[in-house]
Structures are given as C-alpha cells and as structure tokens.
Amino acid sequence: MSTLLGVVLLTSACSTQRVTNPEQSATEQLLMSRAIDLAVEDIQLPDVAGKKVFLDAGGLQGAFATYAAASLREKILQNDGRIAASRDGATLVIEARSGASSIDSFETLIGLPSYEIPIPLAGSLKSPEAALYKRGERRGIAKLALASFDAESGKFVSATGPKFGFAQKREWTLFFFFSWENEDLIPDNVAPSRHSMAPPN
C-alpha cells in the first residue's frame with residue numbers, strides 16, 4: 001500500500017484538465033451518430049422507388065433526432081425516392097420512431113480512485129487516479145423503426161421492424177502509465193494522427 005501511495009504522490013504533481021465546450025464531447029457525438037448510421041444502414045426501403053415520400057420524424061427523440069431524420073431522408077433518396085415537403089404533396093408517408101438514442105458507460109478499476117482531499121481554508125484538492133488496471137467502455141446505442149402508409153388512403157404499406165446500431169470506444173490502463181484504446185468511430189483512412197492530438201508537454 002505504501003508503494004501505491006507513493007505513486008499517487010509522485011503523479012499528483014502533473015495533471016491534465018479536459019474542457020468540453022458543448023454539452024457533449026466529440027467522442028459522445030461520434031458514438032451516437034455512428035450508432036444511428038449503422039441502424040439506418042440496416043433499413044430496407046423497397047417501396048419508395050419512384051414515389052414522393054414525406055418523412056414524419058415526430059417519433060424521433062433525443063439530441064440526435066435531426067441527424068437521424070437527415071440520415072433517413074438520404075436513405076430514401078438512395079432508394080430512388082423523392083422527398084415531399086408536406087403530406088399533401090406525397091404519395092407515401094413514412095413515420096419514423098426511435099426506441100433508444102443514448103450512451104451507456106461501464107468502468108472497472110483495480111487501484112485507487114480519484115477522491116477529494118480537504119484543505120483547511122482553501123477548499124479541496126482532487127487526487128489523481130492510480131490504476132493498477134482499468135477498463136472503461138462507452139457504447140452508443142440507437143434503435144430505429146419505420147412504418148409506411150399510402151398518403152391518400154392511409155392504407156398500410158410496410159414496416160421495417162426495429163433496427164439497432166451500436167458504436168463503442170474502449171480504453172485500458174495498466175500499471176498506472178500504460179494505456180491504449182479501441183474504437184469503431186472513425187475509419188482508419190480519415191483518423192487524425194494520435195501524435196498530432198497529443199497535449200503539449
């Protein structure tokens with residue numbers, strides 16, 4: 001235990017503060033948008049070819065509802081459908097709904113977690129984490145479903161059933177200093193250099 005405490009004291013002199021300006025970090029945004037991409041990719045729309053389609057996106061919920069709606073409109077266009085600006089100008093209406101659009105986080109830590117150290121007359125100081133072994137995972141989950149009907153008669157045409165998309169980012173730390181990660185958010189051919197993203201010394 002004394003060795004572990006010594007490591008904590010040594011590492012407490014160096015810390016990095018991460019600041020995220022929007023409510024969600026870029027990684028969180030990529031987790032959700034990637035999960036939506038994968039769910040949309042699995043959707044089949046054989047009934048839209050040559051038709052004017054109005055997408056009713058009222059059933060899409062969450063911060064990424066606009067992104068999901070835009071992705072579904074692109075899917076309609078890819079399947080030779082045409083986008084109608086309103087129900088009145090459509091021959092087919094597609095109602096979209098989302099059953100999940102969020103991020104789950106999991107973490108396992110063997111070592112000392114970070115904790116607040118009270119300092120008289122000065123508030124508190126947060127100690128650095130000392131991880132003999134740590135595994136963390138964040139997983140974006142999207143569940144989408146579509147139902148289509150004739151715009152004039154209201155007659156049912158088809159339904160996709162629920163389609164799921166999952167995206168993940170995993171991080172490991174071993175013996176305090178050795179860390180690595182695995183994710184499926186950014187294709188290898190467009191991923192920025194990790195060296196270029198490293199914080200300055």
# chains A, B, ... in the order shown; residues from 1 in each chain; ligands from 1
$ residues_around --residues "Lys52 (chain A)" --least-positions-apart "4" --cutoff "7 Å" --atoms "only C-alpha atoms" --output "ChimeraX atom specification"
/A:81-84,90-92
$ write_last_selection --atoms "C-alpha atoms" --output "short mmCIF file (atom, residue, chain, number, x, y, z; two decimals), in the first residue's frame"
data_model
loop_
_atom_site.label_atom_id
_atom_site.label_comp_id
_atom_site.auth_asym_id
_atom_site.auth_seq_id
_atom_site.Cartn_x
_atom_site.Cartn_y
_atom_site.Cartn_z
CA GLY A 81 -37.49 8.02 -53.71
CA ARG A 82 -38.23 11.74 -53.91
CA ILE A 83 -38.67 13.91 -50.83
CA ALA A 84 -42.03 15.65 -50.46
CA ALA A 90 -46.71 12.98 -51.01
CA THR A 91 -47.86 9.64 -52.34
CA LEU A 92 -46.23 7.74 -49.46
#
$ residues_around --residues "Gly165 (chain A)" --least-positions-apart "6" --cutoff "12 Å" --atoms "only C-alpha atoms" --output "list in words"
Leu31, Met32, Ser33, Arg34, Ala35, Ile36, Asp37, Leu38, Ala39, Val40, Glu41, Asp42, Ile43, Ala68, Ser98, Gly99, Ala100, Ser101, Ser102, Ile103, Arg139, Gly140, Ile141, Ala142, Lys143, Leu144 and Ala145 of chain A
$ write_last_selection --atoms "N, CA and C atoms" --output "PDB file, in the first residue's frame"
ATOM      1  N   LEU A  31     -20.139   8.666 -31.028  1.00  0.00           N
ATOM      2  CA  LEU A  31     -20.757   7.419 -30.587  1.00  0.00           C
ATOM      3  C   LEU A  31     -22.218   7.355 -31.026  1.00  0.00           C
ATOM      4  N   MET A  32     -22.946   8.443 -30.845  1.00  0.00           N
ATOM      5  CA  MET A  32     -24.364   8.415 -31.190  1.00  0.00           C
ATOM      6  C   MET A  32     -24.587   8.475 -32.692  1.00  0.00           C
ATOM      7  N   SER A  33     -23.857   9.350 -33.392  1.00  0.00           N
ATOM      8  CA  SER A  33     -24.080   9.461 -34.830  1.00  0.00           C
ATOM      9  C   SER A  33     -23.670   8.168 -35.535  1.00  0.00           C
ATOM     10  N   ARG A  34     -22.605   7.520 -35.060  1.00  0.00           N
ATOM     11  CA  ARG A  34     -22.179   6.251 -35.660  1.00  0.00           C
ATOM     12  C   ARG A  34     -23.222   5.160 -35.413  1.00  0.00           C
ATOM     13  N   ALA A  35     -23.785   5.099 -34.211  1.00  0.00           N
ATOM     14  CA  ALA A  35     -24.828   4.119 -33.919  1.00  0.00           C
ATOM     15  C   ALA A  35     -26.046   4.330 -34.813  1.00  0.00           C
ATOM     16  N   ILE A  36     -26.419   5.590 -35.036  1.00  0.00           N
ATOM     17  CA  ILE A  36     -27.536   5.897 -35.932  1.00  0.00           C
ATOM     18  C   ILE A  36     -27.200   5.481 -37.360  1.00  0.00           C
ATOM     19  N   ASP A  37     -25.966   5.778 -37.805  1.00  0.00           N
ATOM     20  CA  ASP A  37     -25.549   5.377 -39.149  1.00  0.00           C
ATOM     21  C   ASP A  37     -25.738   3.874 -39.363  1.00  0.00           C
ATOM     22  N   LEU A  38     -25.328   3.088 -38.375  1.00  0.00           N
ATOM     23  CA  LEU A  38     -25.400   1.632 -38.507  1.00  0.00           C
ATOM     24  C   LEU A  38     -26.846   1.135 -38.494  1.00  0.00           C
ATOM     25  N   ALA A  39     -27.694   1.768 -37.687  1.00  0.00           N
ATOM     26  CA  ALA A  39     -29.108   1.383 -37.675  1.00  0.00           C
ATOM     27  C   ALA A  39     -29.770   1.715 -39.009  1.00  0.00           C
ATOM     28  N   VAL A  40     -29.493   2.897 -39.545  1.00  0.00           N
ATOM     29  CA  VAL A  40     -30.067   3.308 -40.836  1.00  0.00           C
ATOM     30  C   VAL A  40     -29.548   2.414 -41.958  1.00  0.00           C
ATOM     31  N   GLU A  41     -28.285   2.041 -41.877  1.00  0.00           N
ATOM     32  CA  GLU A  41     -27.683   1.189 -42.904  1.00  0.00           C
ATOM     33  C   GLU A  41     -28.417  -0.137 -43.042  1.00  0.00           C
ATOM     34  N   ASP A  42     -28.999  -0.622 -41.946  1.00  0.00           N
ATOM     35  CA  ASP A  42     -29.686  -1.911 -41.945  1.00  0.00           C
ATOM     36  C   ASP A  42     -31.138  -1.823 -42.413  1.00  0.00           C
ATOM     37  N   ILE A  43     -31.622  -0.614 -42.648  1.00  0.00           N
ATOM     38  CA  ILE A  43     -33.017  -0.416 -43.057  1.00  0.00           C
ATOM     39  C   ILE A  43     -33.164  -0.623 -44.565  1.00  0.00           C
ATOM     40  N   ALA A  68     -30.746  11.861 -37.217  1.00  0.00           N
ATOM     41  CA  ALA A  68     -31.417  10.632 -37.643  1.00  0.00           C
ATOM     42  C   ALA A  68     -32.382  10.909 -38.792  1.00  0.00           C
ATOM     43  N   SER A  98     -37.899   6.402 -32.724  1.00  0.00           N
ATOM     44  CA  SER A  98     -36.679   5.932 -32.072  1.00  0.00           C
ATOM     45  C   SER A  98     -37.034   5.335 -30.718  1.00  0.00           C
ATOM     46  N   GLY A  99     -36.488   4.138 -30.463  1.00  0.00           N
ATOM     47  CA  GLY A  99     -36.715   3.485 -29.175  1.00  0.00           C
ATOM     48  C   GLY A  99     -35.549   3.649 -28.236  1.00  0.00           C
ATOM     49  N   ALA A 100     -34.406   4.058 -28.773  1.00  0.00           N
ATOM     50  CA  ALA A 100     -33.217   4.312 -27.950  1.00  0.00           C
ATOM     51  C   ALA A 100     -32.297   5.247 -28.713  1.00  0.00           C
ATOM     52  N   SER A 101     -31.689   6.149 -27.987  1.00  0.00           N
ATOM     53  CA  SER A 101     -30.710   7.075 -28.571  1.00  0.00           C
ATOM     54  C   SER A 101     -29.907   7.666 -27.418  1.00  0.00           C
ATOM     55  N   SER A 102     -28.953   6.862 -26.921  1.00  0.00           N
ATOM     56  CA  SER A 102     -28.225   7.289 -25.742  1.00  0.00           C
ATOM     57  C   SER A 102     -26.901   6.545 -25.642  1.00  0.00           C
ATOM     58  N   ILE A 103     -26.156   6.853 -24.583  1.00  0.00           N
ATOM     59  CA  ILE A 103     -24.827   6.289 -24.381  1.00  0.00           C
ATOM     60  C   ILE A 103     -24.770   5.625 -23.015  1.00  0.00           C
ATOM     61  N   ARG A 139     -20.622   3.147 -24.912  1.00  0.00           N
ATOM     62  CA  ARG A 139     -21.319   2.499 -26.022  1.00  0.00           C
ATOM     63  C   ARG A 139     -22.521   3.325 -26.436  1.00  0.00           C
ATOM     64  N   GLY A 140     -22.531   3.743 -27.705  1.00  0.00           N
ATOM     65  CA  GLY A 140     -23.686   4.432 -28.259  1.00  0.00           C
ATOM     66  C   GLY A 140     -24.683   3.419 -28.798  1.00  0.00           C
ATOM     67  N   ILE A 141     -25.952   3.594 -28.462  1.00  0.00           N
ATOM     68  CA  ILE A 141     -26.995   2.645 -28.854  1.00  0.00           C
ATOM     69  C   ILE A 141     -28.139   3.410 -29.521  1.00  0.00           C
ATOM     70  N   ALA A 142     -28.501   2.948 -30.706  1.00  0.00           N
ATOM     71  CA  ALA A 142     -29.629   3.549 -31.425  1.00  0.00           C
ATOM     72  C   ALA A 142     -30.605   2.453 -31.834  1.00  0.00           C
ATOM     73  N   LYS A 143     -31.883   2.726 -31.666  1.00  0.00           N
ATOM     74  CA  LYS A 143     -32.939   1.818 -32.113  1.00  0.00           C
ATOM     75  C   LYS A 143     -33.936   2.635 -32.924  1.00  0.00           C
ATOM     76  N   LEU A 144     -34.094   2.273 -34.193  1.00  0.00           N
ATOM     77  CA  LEU A 144     -34.987   2.991 -35.096  1.00  0.00           C
ATOM     78  C   LEU A 144     -35.974   2.023 -35.735  1.00  0.00           C
ATOM     79  N   ALA A 145     -37.143   2.530 -36.076  1.00  0.00           N
ATOM     80  CA  ALA A 145     -38.135   1.732 -36.790  1.00  0.00           C
ATOM     81  C   ALA A 145     -38.971   2.655 -37.670  1.00  0.00           C
TER      82      ALA A 145
END
$ residues_around --residues "region 116-132 of chain A" --least-positions-apart "4" --cutoff "6 Å" --atoms "only C-alpha atoms" --output "list in words"
Ser12, Ile110, Gly111, Leu112, Leu174, Phe175 and Phe176 of chain A
$ write_last_selection --atoms "C-alpha atoms" --output "tab-separated table (two decimals), in the first residue's frame"
chain	number	residue	atom	x	y	z
A	12	SER	CA	-0.14	14.38	-8.24
A	110	ILE	CA	-8.31	-2.00	-9.63
A	111	GLY	CA	-6.36	0.61	-7.72
A	112	LEU	CA	-7.15	3.92	-6.06
A	174	LEU	CA	-2.21	-0.95	-16.91
A	175	PHE	CA	0.29	-0.26	-14.14
A	176	PHE	CA	-0.56	3.45	-13.92
$ closest_residue --among "A:Lys155, A:Arg97, A:Leu30, A:Glu183" --to "Leu55 (chain A)" --atoms "only C-alpha atoms"
A:Arg97
$ select_by_dssp --residues "region 48-185 of chain A" --states "strand (DSSP E)" --output "VMD selection string"
chain A and resid 52 to 59 82 to 83 92 to 112 116 to 119 123 to 126 130 to 150 156 to 159 163 to 174 178 to 183
$ residues_around --residues "Val53 (chain A)" --least-positions-apart "5" --cutoff "12 Å" --atoms "only C-alpha atoms" --output "VMD selection string"
chain A and resid 45 47 to 48 72 to 77 79 to 95 148 to 151
$ write_last_selection --atoms "N, CA and C atoms" --output "short mmCIF file (atom, residue, chain, number, x, y, z; two decimals), in the first residue's frame"
data_model
loop_
_atom_site.label_atom_id
_atom_site.label_comp_id
_atom_site.auth_asym_id
_atom_site.auth_seq_id
_atom_site.Cartn_x
_atom_site.Cartn_y
_atom_site.Cartn_z
N LEU A 45 -35.75 -0.10 -47.85
CA LEU A 45 -36.90 0.71 -48.28
C LEU A 45 -37.28 0.38 -49.72
N ASP A 47 -40.16 0.16 -51.07
CA ASP A 47 -41.43 0.73 -51.53
C ASP A 47 -41.35 2.20 -51.91
N VAL A 48 -40.16 2.82 -51.82
CA VAL A 48 -40.09 4.26 -52.06
C VAL A 48 -39.68 4.62 -53.48
N LEU A 72 -32.23 9.37 -42.62
CA LEU A 72 -33.34 8.63 -43.23
C LEU A 72 -33.76 9.25 -44.56
N ARG A 73 -33.73 10.56 -44.65
CA ARG A 73 -34.04 11.20 -45.94
C ARG A 73 -33.00 10.82 -46.99
N GLU A 74 -31.75 10.77 -46.59
CA GLU A 74 -30.71 10.33 -47.52
C GLU A 74 -30.96 8.89 -47.97
N LYS A 75 -31.40 8.04 -47.03
CA LYS A 75 -31.70 6.65 -47.38
C LYS A 75 -32.84 6.58 -48.40
N ILE A 76 -33.84 7.41 -48.23
CA ILE A 76 -34.95 7.46 -49.18
C ILE A 76 -34.44 7.84 -50.57
N LEU A 77 -33.60 8.86 -50.62
CA LEU A 77 -33.05 9.30 -51.90
C LEU A 77 -32.18 8.23 -52.54
N ASN A 79 -32.63 5.18 -52.40
CA ASN A 79 -33.51 4.13 -52.92
C ASN A 79 -34.48 4.67 -53.98
N ASP A 80 -34.07 5.75 -54.65
CA ASP A 80 -34.83 6.32 -55.77
C ASP A 80 -36.16 6.93 -55.39
N GLY A 81 -36.31 7.28 -54.11
CA GLY A 81 -37.49 8.02 -53.71
C GLY A 81 -37.25 9.52 -53.84
N ARG A 82 -38.33 10.29 -53.85
CA ARG A 82 -38.23 11.74 -53.91
C ARG A 82 -38.84 12.31 -52.64
N ILE A 83 -38.21 13.34 -52.09
CA ILE A 83 -38.67 13.91 -50.83
C ILE A 83 -39.79 14.92 -51.06
N ALA A 84 -40.91 14.71 -50.40
CA ALA A 84 -42.03 15.65 -50.46
C ALA A 84 -41.93 16.60 -49.28
N ALA A 85 -42.20 17.88 -49.53
CA ALA A 85 -42.09 18.88 -48.48
C ALA A 85 -43.22 18.79 -47.47
N SER A 86 -44.36 18.19 -47.87
CA SER A 86 -45.51 18.09 -46.97
C SER A 86 -46.28 16.82 -47.28
N ARG A 87 -47.18 16.46 -46.38
CA ARG A 87 -48.03 15.28 -46.60
C ARG A 87 -48.91 15.47 -47.84
N ASP A 88 -49.36 16.71 -48.06
CA ASP A 88 -50.27 16.96 -49.18
C ASP A 88 -49.63 16.65 -50.53
N GLY A 89 -48.31 16.81 -50.60
CA GLY A 89 -47.64 16.58 -51.86
C GLY A 89 -47.02 15.21 -51.98
N ALA A 90 -47.34 14.31 -51.04
CA ALA A 90 -46.71 12.98 -51.01
C ALA A 90 -47.66 11.90 -51.50
N THR A 91 -47.08 10.85 -52.03
CA THR A 91 -47.86 9.64 -52.34
C THR A 91 -47.64 8.57 -51.28
N LEU A 92 -46.54 8.70 -50.52
CA LEU A 92 -46.23 7.74 -49.46
C LEU A 92 -45.74 8.50 -48.24
N VAL A 93 -46.25 8.12 -47.07
CA VAL A 93 -45.81 8.71 -45.80
C VAL A 93 -45.06 7.65 -45.01
N ILE A 94 -43.90 8.04 -44.50
CA ILE A 94 -43.12 7.15 -43.64
C ILE A 94 -43.02 7.78 -42.26
N GLU A 95 -43.51 7.07 -41.26
CA GLU A 95 -43.38 7.53 -39.88
C GLU A 95 -42.16 6.86 -39.26
N SER A 148 -44.71 2.68 -43.07
CA SER A 148 -45.14 3.49 -44.21
C SER A 148 -46.59 3.19 -44.56
N PHE A 149 -47.28 4.21 -45.08
CA PHE A 149 -48.68 4.03 -45.50
C PHE A 149 -48.97 4.95 -46.66
N ASP A 150 -50.00 4.61 -47.40
CA ASP A 150 -50.42 5.40 -48.55
C ASP A 150 -50.92 6.76 -48.08
N ALA A 151 -50.41 7.83 -48.70
CA ALA A 151 -50.73 9.18 -48.24
C ALA A 151 -52.20 9.52 -48.44
#
$ atom_distance --atom1 "CA of Trp180 (chain A)" --atom2 "CA of Phe106 (chain A)"
16.3 Å
$ atom_distance --atom1 "CA of Phe54 (chain A)" --atom2 "CA of Ala147 (chain A)"
11.9 Å
$ atom_distance --atom1 "CA of Gln24 (chain A)" --atom2 "CA of Phe64 (chain A)"
11.3 Å
$ closest_residue --among "A:Ser114, A:Thr173, A:Thr66, A:Thr160" --to "Tyr133 (chain A)" --atoms "only C-alpha atoms"
A:Thr173
$ select_by_dssp --residues "chain A" --states "helix (DSSP H, G or I)" --output "mmCIF file with N, CA and C atoms, in the first residue's frame"
data_model
loop_
_atom_site.group_PDB
_atom_site.id
_atom_site.type_symbol
_atom_site.label_atom_id
_atom_site.label_comp_id
_atom_site.auth_asym_id
_atom_site.auth_seq_id
_atom_site.Cartn_x
_atom_site.Cartn_y
_atom_site.Cartn_z
ATOM 1 N N SER A 2 1.996 1.209 0.742
ATOM 2 C CA SER A 2 2.875 2.381 0.788
ATOM 3 C C SER A 2 3.427 2.724 -0.588
ATOM 4 N N THR A 3 3.746 1.679 -1.388
ATOM 5 C CA THR A 3 4.235 1.919 -2.744
ATOM 6 C C THR A 3 3.179 2.610 -3.588
ATOM 7 N N LEU A 4 1.945 2.142 -3.455
ATOM 8 C CA LEU A 4 0.845 2.723 -4.214
ATOM 9 C C LEU A 4 0.612 4.168 -3.842
ATOM 10 N N LEU A 5 0.699 4.463 -2.538
ATOM 11 C CA LEU A 5 0.530 5.844 -2.104
ATOM 12 C C LEU A 5 1.661 6.726 -2.605
ATOM 13 N N GLY A 6 2.862 6.141 -2.683
ATOM 14 C CA GLY A 6 3.987 6.894 -3.213
ATOM 15 C C GLY A 6 3.777 7.275 -4.654
ATOM 16 N N VAL A 7 3.222 6.351 -5.432
ATOM 17 C CA VAL A 7 2.938 6.647 -6.834
ATOM 18 C C VAL A 7 1.921 7.767 -6.947
ATOM 19 N N VAL A 8 0.917 7.728 -6.071
ATOM 20 C CA VAL A 8 -0.104 8.775 -6.079
ATOM 21 C C VAL A 8 0.523 10.137 -5.824
ATOM 22 N N LEU A 9 1.429 10.213 -4.840
ATOM 23 C CA LEU A 9 2.059 11.481 -4.514
ATOM 24 C C LEU A 9 2.944 11.980 -5.647
ATOM 25 N N LEU A 10 3.643 11.042 -6.288
ATOM 26 C CA LEU A 10 4.519 11.432 -7.392
ATOM 27 C C LEU A 10 3.744 11.947 -8.585
ATOM 28 N N THR A 11 2.626 11.308 -8.876
ATOM 29 C CA THR A 11 1.847 11.689 -10.049
ATOM 30 C C THR A 11 0.956 12.883 -9.799
ATOM 31 N N ALA A 26 -16.885 15.516 -28.435
ATOM 32 C CA ALA A 26 -16.850 14.999 -29.802
ATOM 33 C C ALA A 26 -16.985 13.484 -29.812
ATOM 34 N N THR A 27 -16.362 12.815 -28.836
ATOM 35 C CA THR A 27 -16.466 11.356 -28.768
ATOM 36 C C THR A 27 -17.903 10.918 -28.542
ATOM 37 N N GLU A 28 -18.627 11.586 -27.655
ATOM 38 C CA GLU A 28 -20.023 11.242 -27.406
ATOM 39 C C GLU A 28 -20.878 11.487 -28.647
ATOM 40 N N GLN A 29 -20.601 12.567 -29.353
ATOM 41 C CA GLN A 29 -21.344 12.844 -30.580
ATOM 42 C C GLN A 29 -21.070 11.780 -31.640
ATOM 43 N N LEU A 30 -19.812 11.353 -31.742
ATOM 44 C CA LEU A 30 -19.467 10.305 -32.706
ATOM 45 C C LEU A 30 -20.086 8.969 -32.319
ATOM 46 N N LEU A 31 -20.139 8.666 -31.028
ATOM 47 C CA LEU A 31 -20.757 7.419 -30.587
ATOM 48 C C LEU A 31 -22.218 7.355 -31.026
ATOM 49 N N MET A 32 -22.946 8.443 -30.845
ATOM 50 C CA MET A 32 -24.364 8.415 -31.190
ATOM 51 C C MET A 32 -24.587 8.475 -32.692
ATOM 52 N N SER A 33 -23.857 9.350 -33.392
ATOM 53 C CA SER A 33 -24.080 9.461 -34.830
ATOM 54 C C SER A 33 -23.670 8.168 -35.535
ATOM 55 N N ARG A 34 -22.605 7.520 -35.060
ATOM 56 C CA ARG A 34 -22.179 6.251 -35.660
ATOM 57 C C ARG A 34 -23.222 5.160 -35.413
ATOM 58 N N ALA A 35 -23.785 5.099 -34.211
ATOM 59 C CA ALA A 35 -24.828 4.119 -33.919
ATOM 60 C C ALA A 35 -26.046 4.330 -34.813
ATOM 61 N N ILE A 36 -26.419 5.590 -35.036
ATOM 62 C CA ILE A 36 -27.536 5.897 -35.932
ATOM 63 C C ILE A 36 -27.200 5.481 -37.360
ATOM 64 N N ASP A 37 -25.966 5.778 -37.805
ATOM 65 C CA ASP A 37 -25.549 5.377 -39.149
ATOM 66 C C ASP A 37 -25.738 3.874 -39.363
ATOM 67 N N LEU A 38 -25.328 3.088 -38.375
ATOM 68 C CA LEU A 38 -25.400 1.632 -38.507
ATOM 69 C C LEU A 38 -26.846 1.135 -38.494
ATOM 70 N N ALA A 39 -27.694 1.768 -37.687
ATOM 71 C CA ALA A 39 -29.108 1.383 -37.675
ATOM 72 C C ALA A 39 -29.770 1.715 -39.009
ATOM 73 N N VAL A 40 -29.493 2.897 -39.545
ATOM 74 C CA VAL A 40 -30.067 3.308 -40.836
ATOM 75 C C VAL A 40 -29.548 2.414 -41.958
ATOM 76 N N GLU A 41 -28.285 2.041 -41.877
ATOM 77 C CA GLU A 41 -27.683 1.189 -42.904
ATOM 78 C C GLU A 41 -28.417 -0.137 -43.042
ATOM 79 N N ALA A 65 -32.074 13.617 -32.954
ATOM 80 C CA ALA A 65 -33.258 13.393 -33.780
ATOM 81 C C ALA A 65 -33.093 14.020 -35.163
ATOM 82 N N THR A 66 -32.520 15.212 -35.225
ATOM 83 C CA THR A 66 -32.326 15.889 -36.514
ATOM 84 C C THR A 66 -31.348 15.105 -37.385
ATOM 85 N N TYR A 67 -30.287 14.600 -36.776
ATOM 86 C CA TYR A 67 -29.310 13.811 -37.536
ATOM 87 C C TYR A 67 -29.951 12.529 -38.061
ATOM 88 N N ALA A 68 -30.746 11.861 -37.217
ATOM 89 C CA ALA A 68 -31.417 10.632 -37.643
ATOM 90 C C ALA A 68 -32.382 10.909 -38.792
ATOM 91 N N ALA A 69 -33.138 12.004 -38.704
ATOM 92 C CA ALA A 69 -34.081 12.341 -39.768
ATOM 93 C C ALA A 69 -33.353 12.607 -41.083
ATOM 94 N N ALA A 70 -32.247 13.340 -41.025
ATOM 95 C CA ALA A 70 -31.485 13.626 -42.237
ATOM 96 C C ALA A 70 -30.910 12.346 -42.839
ATOM 97 N N SER A 71 -30.467 11.433 -41.985
ATOM 98 C CA SER A 71 -29.932 10.157 -42.468
ATOM 99 C C SER A 71 -31.011 9.329 -43.152
ATOM 100 N N LEU A 72 -32.234 9.372 -42.619
ATOM 101 C CA LEU A 72 -33.336 8.626 -43.227
ATOM 102 C C LEU A 72 -33.755 9.251 -44.558
ATOM 103 N N ARG A 73 -33.733 10.559 -44.652
ATOM 104 C CA ARG A 73 -34.041 11.200 -45.939
ATOM 105 C C ARG A 73 -32.995 10.818 -46.990
ATOM 106 N N GLU A 74 -31.748 10.771 -46.587
ATOM 107 C CA GLU A 74 -30.707 10.333 -47.516
ATOM 108 C C GLU A 74 -30.956 8.893 -47.969
ATOM 109 N N LYS A 75 -31.400 8.040 -47.034
ATOM 110 C CA LYS A 75 -31.698 6.650 -47.376
ATOM 111 C C LYS A 75 -32.836 6.577 -48.397
ATOM 112 N N ILE A 76 -33.841 7.411 -48.231
ATOM 113 C CA ILE A 76 -34.951 7.457 -49.182
ATOM 114 C C ILE A 76 -34.443 7.836 -50.568
ATOM 115 N N LEU A 77 -33.605 8.859 -50.622
ATOM 116 C CA LEU A 77 -33.050 9.299 -51.901
ATOM 117 C C LEU A 77 -32.181 8.226 -52.539
ATOM 118 N N GLN A 78 -31.420 7.509 -51.743
ATOM 119 C CA GLN A 78 -30.569 6.441 -52.264
ATOM 120 C C GLN A 78 -31.386 5.298 -52.866
ATOM 121 N N ARG A 87 -47.185 16.456 -46.376
ATOM 122 C CA ARG A 87 -48.034 15.280 -46.602
ATOM 123 C C ARG A 87 -48.914 15.466 -47.842
ATOM 124 N N ASP A 88 -49.363 16.710 -48.055
ATOM 125 C CA ASP A 88 -50.273 16.958 -49.178
ATOM 126 C C ASP A 88 -49.627 16.654 -50.525
ATOM 127 N N GLY A 89 -48.314 16.813 -50.598
ATOM 128 C CA GLY A 89 -47.641 16.581 -51.865
ATOM 129 C C GLY A 89 -47.017 15.207 -51.976
ATOM 130 N N ARG A 194 -2.655 10.340 -33.918
ATOM 131 C CA ARG A 194 -2.708 10.425 -32.456
ATOM 132 C C ARG A 194 -1.604 11.340 -31.935
ATOM 133 N N HIS A 195 -0.475 11.345 -32.648
ATOM 134 C CA HIS A 195 0.609 12.213 -32.214
ATOM 135 C C HIS A 195 0.214 13.672 -32.308
ATOM 136 N N SER A 196 -0.532 14.010 -33.379
ATOM 137 C CA SER A 196 -0.917 15.407 -33.562
ATOM 138 C C SER A 196 -1.957 15.859 -32.546
ATOM 139 N N MET A 197 -2.673 14.877 -31.920
ATOM 140 C CA MET A 197 -3.689 15.228 -30.940
ATOM 141 C C MET A 197 -3.151 15.207 -29.513
#
